[in-house]
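Reviewing the structure listed below.
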Amino acid sequence: MDSNFSLKPQIYTNEARPKLRKKDLIISINTGDGFKKNKILGASDASVIYCLDPNFHPLSWKPYRICEHVENVTDFEINFLNNSILIIGGKSINGRSLSSIMSLNISTSNTIWHVDTEMIPSRYGCAVAIEGSRFVITGGCQCLGLDKDFEDFQEMLLCERVQLTKQVGNDGYIKYLTEHGPLFTTDILEKERVLRCVEILDEGVKWEWLQPLPFSLMNHAVAFHQGIVYISGGQLIPGGPALHLTLEFNENSKKWVEKSNMLISRAGHRLISYDMFLLAVGGEWQISGRWSPVYFIEKYDVVRNDWSILTCVQNPRSHLGTVLYFHKLFVVSGYKKEKSEFVMETDIFDLMTKRWYEGPIYPSKHKPKCLIITENRYD
């Protein structure tokens, strides 16, 4: 790995080359319960948002601002839209999946997360992609949890001998109808249920259903590529084996089409659109019954419908954060073997020269959840 990293401007064929603004930042949110105070901002380390400026050298992670600690929430997705960090779904401390989409506007001094909208089913382990104003959420796992409300509800059903009528909807949900109205199957018969549903929010106005996935999926990856939604990998059930599938949503037929499989099955990875290709980065798979991070980045040629190995990673990791900044791929955070240890190294891959570079070590002992980047804006 080469430590002499330089983000020189890409050579453009046209005369007008865009100029980068200093507002382009890679941002990380810490998760978990943290009590160690950051010396610079004087707040709990778990409440500090760190940033990395890809245009400033030497590269280093620095405290960016303080925010309300995302407390007792795990397995959420994170993304960025309209100057706001978004936290999508997740699992609460009692095991219940969440339906909220929270936002924090980083262009203001506000430090409080606000609930912007609610997903129709609660979920964790879903996959999210944003392109322009289009916001798609796919799959995930719905879990009612093991709190007292659930136990009391089960006991009530048994005592009152509630009669249920099963109904399978076109949206992929199985509903159980009572005289008091419909109830999801998870409300009564299951503690966890992996979802098939796909929702899209266009122009931030209304949630709409797309064709459900061919099967239930969680811990998969999703990306927009030239306006088309692609999905790769994942699991059918919590703790189940990783998959190597690839799905494409056909806009004409409004159906999901199975494409060539990845060479390596993986879950907890990222799918990235770059040039004419899709990149599958990170993730984990089972080897001899044990989970292990995937060592290879795969490249999918959408025209040839063909997967190939692009490179071997420096620090294999799953449930990672990735940022594509022009031709530089930043890889940060994630788990090592069987989620027993967190990866603190920042790795950078130059997609033009096919070389890896050493980035800065993440400064916090806290677990950085994921990475996002402000939209590439030009002068």
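Residue numbering restarts at 1 for every chain of the structure tokens, chains are lettered A, B, ... in their displayed order, and ligands are numbered from 1 as they appear.
For A:Leu236, the residues within 10 Å (counting only C-alpha atoms, excluding itself and residues fewer than 4 positions away along the chain) are Gly139, Gly140, Cys141, Arg193, Val194, Leu195, Arg196, Phe215, Ser216, Leu217, Met218, Asn219, His220, Gly240, Pro241, Ala242 and Leu243 of chain A.
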With only C-alpha atoms as the counted atoms, please give the residues lying no more than 12 Å from A:Val323, apart from itself and same-chain residues fewer than 3 positions off, as a PyMOL selection string. chain A and resi 24-28+52+54+79-80+270-274+279+281+320+326-333+346-349+370-376
Residues within 8 Å of A:Ser84, only C-alpha atoms, excluding chain neighbours under 6 positions, as a PyMOL selection string: chain A and resi 103-107
Nearby residues (only C-alpha atoms) at most 8 Å from A:Ile49, same-chain spacing under 3 positions excluded, as a ChimeraX atom specification: /A:27-30,63-67
What does the file look like for those residues with all heavy atoms, as an mmCIF file, in the first residue's frame?
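The file below, result_33.cif, is the result:
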```
data_model
loop_
_atom_site.group_PDB
_atom_site.id
_atom_site.type_symbol
_atom_site.label_atom_id
_atom_site.label_comp_id
_atom_site.auth_asym_id
_atom_site.auth_seq_id
_atom_site.Cartn_x
_atom_site.Cartn_y
_atom_site.Cartn_z
ATOM 1 N N ILE A 27 -18.159 12.395 6.088
ATOM 2 C CA ILE A 27 -18.658 12.569 7.452
ATOM 3 C C ILE A 27 -18.969 11.216 8.065
ATOM 4 O O ILE A 27 -19.502 10.324 7.418
ATOM 5 C CB ILE A 27 -19.918 13.451 7.454
ATOM 6 C CG1 ILE A 27 -19.590 14.819 6.849
ATOM 7 C CG2 ILE A 27 -20.468 13.618 8.862
ATOM 8 C CD1 ILE A 27 -20.788 15.706 6.672
ATOM 9 N N SER A 28 -18.651 11.077 9.359
ATOM 10 C CA SER A 28 -18.869 9.826 10.071
ATOM 11 C C SER A 28 -19.637 10.089 11.357
ATOM 12 O O SER A 28 -19.393 11.080 12.053
ATOM 13 C CB SER A 28 -17.535 9.158 10.392
ATOM 14 O OG SER A 28 -17.736 8.054 11.233
ATOM 15 N N ILE A 29 -20.566 9.187 11.672
ATOM 16 C CA ILE A 29 -21.328 9.263 12.912
ATOM 17 C C ILE A 29 -20.944 8.097 13.794
ATOM 18 O O ILE A 29 -20.882 6.950 13.344
ATOM 19 C CB ILE A 29 -22.839 9.217 12.633
ATOM 20 C CG1 ILE A 29 -23.257 10.449 11.837
ATOM 21 C CG2 ILE A 29 -23.638 9.127 13.914
ATOM 22 C CD1 ILE A 29 -24.701 10.442 11.473
ATOM 23 N N ASN A 30 -20.687 8.369 15.065
ATOM 24 C CA ASN A 30 -20.378 7.308 16.015
ATOM 25 C C ASN A 30 -21.651 6.675 16.556
ATOM 26 O O ASN A 30 -22.695 7.317 16.641
ATOM 27 C CB ASN A 30 -19.554 7.859 17.181
ATOM 28 C CG ASN A 30 -18.164 8.269 16.743
ATOM 29 O OD1 ASN A 30 -17.600 7.674 15.836
ATOM 30 N ND2 ASN A 30 -17.620 9.290 17.374
ATOM 31 N N PRO A 63 -12.729 16.566 14.426
ATOM 32 C CA PRO A 63 -14.083 16.818 14.945
ATOM 33 C C PRO A 63 -14.773 17.875 14.092
ATOM 34 O O PRO A 63 -14.199 18.920 13.791
ATOM 35 C CB PRO A 63 -13.834 17.315 16.365
ATOM 36 C CG PRO A 63 -12.472 16.836 16.711
ATOM 37 C CD PRO A 63 -11.690 16.824 15.428
ATOM 38 N N TYR A 64 -15.986 17.594 13.692
ATOM 39 C CA TYR A 64 -16.717 18.488 12.801
ATOM 40 C C TYR A 64 -17.773 19.292 13.563
ATOM 41 O O TYR A 64 -17.860 20.495 13.451
ATOM 42 C CB TYR A 64 -17.355 17.660 11.688
ATOM 43 C CG TYR A 64 -18.194 18.449 10.723
ATOM 44 C CD1 TYR A 64 -17.653 19.497 9.990
ATOM 45 C CD2 TYR A 64 -19.536 18.133 10.521
ATOM 46 C CE1 TYR A 64 -18.421 20.217 9.094
ATOM 47 C CE2 TYR A 64 -20.319 18.837 9.622
ATOM 48 C CZ TYR A 64 -19.751 19.881 8.922
ATOM 49 O OH TYR A 64 -20.514 20.593 8.038
ATOM 50 N N ARG A 65 -18.577 18.601 14.353
ATOM 51 C CA ARG A 65 -19.597 19.266 15.143
ATOM 52 C C ARG A 65 -20.180 18.290 16.152
ATOM 53 O O ARG A 65 -19.928 17.081 16.092
ATOM 54 C CB ARG A 65 -20.713 19.826 14.264
ATOM 55 C CG ARG A 65 -21.458 18.752 13.483
ATOM 56 C CD ARG A 65 -22.540 19.349 12.630
ATOM 57 N NE ARG A 65 -23.574 19.970 13.460
ATOM 58 C CZ ARG A 65 -24.590 20.679 12.964
ATOM 59 N NH1 ARG A 65 -24.666 20.891 11.662
ATOM 60 N NH2 ARG A 65 -25.502 21.188 13.746
ATOM 61 N N ILE A 66 -20.957 18.816 17.077
ATOM 62 C CA ILE A 66 -21.633 17.992 18.079
ATOM 63 C C ILE A 66 -23.076 17.792 17.644
ATOM 64 O O ILE A 66 -23.702 18.681 17.086
ATOM 65 C CB ILE A 66 -21.584 18.662 19.463
ATOM 66 C CG1 ILE A 66 -20.133 18.820 19.924
ATOM 67 C CG2 ILE A 66 -22.378 17.873 20.485
ATOM 68 C CD1 ILE A 66 -19.998 19.631 21.189
ATOM 69 N N CYS A 67 -23.601 16.612 17.913
ATOM 70 C CA CYS A 67 -25.012 16.359 17.636
ATOM 71 C C CYS A 67 -25.593 15.561 18.791
ATOM 72 O O CYS A 67 -24.874 15.021 19.631
ATOM 73 C CB CYS A 67 -25.199 15.604 16.327
ATOM 74 S SG CYS A 67 -24.660 13.883 16.390
#
```
Contacts of A:Lys62 within 8 Å, only C-alpha atoms, excl. fewer than 5 positions in-chain, as a CSV table (one decimal) with N, CA, C and O atoms, in the first residue's frame:
```csv
chain,number,residue,atom,x,y,z
A,50,TYR,N,-17.4,13.3,13.1
A,50,TYR,CA,-16.0,13.5,12.6
A,50,TYR,C,-16.1,13.7,11.0
A,50,TYR,O,-17.0,13.2,10.4
A,51,CYS,N,-15.1,14.5,10.5
A,51,CYS,CA,-15.1,14.7,9.1
A,51,CYS,C,-13.7,14.5,8.5
A,51,CYS,O,-12.7,14.6,9.3
A,52,LEU,N,-13.6,14.2,7.2
A,52,LEU,CA,-12.4,14.2,6.5
A,52,LEU,C,-12.5,14.9,5.2
A,52,LEU,O,-13.4,14.7,4.5
A,363,PRO,N,-10.0,8.5,14.6
A,363,PRO,CA,-9.5,9.0,15.9
A,363,PRO,C,-10.3,8.5,17.1
A,363,PRO,O,-9.7,8.6,18.3
```
Using Å and a single decimal, report how far atom CA of A:Asn83 sits from atom CA of A:Leu210. 26.6 Å
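Atom to atom, atom CA of A:Lys254 and atom CA of A:Pro121 stand 21.7 Å apart.
The two atoms in question, atom CA of A:Glu284 and atom CA of A:His269, are spaced 7.3 Å apart.
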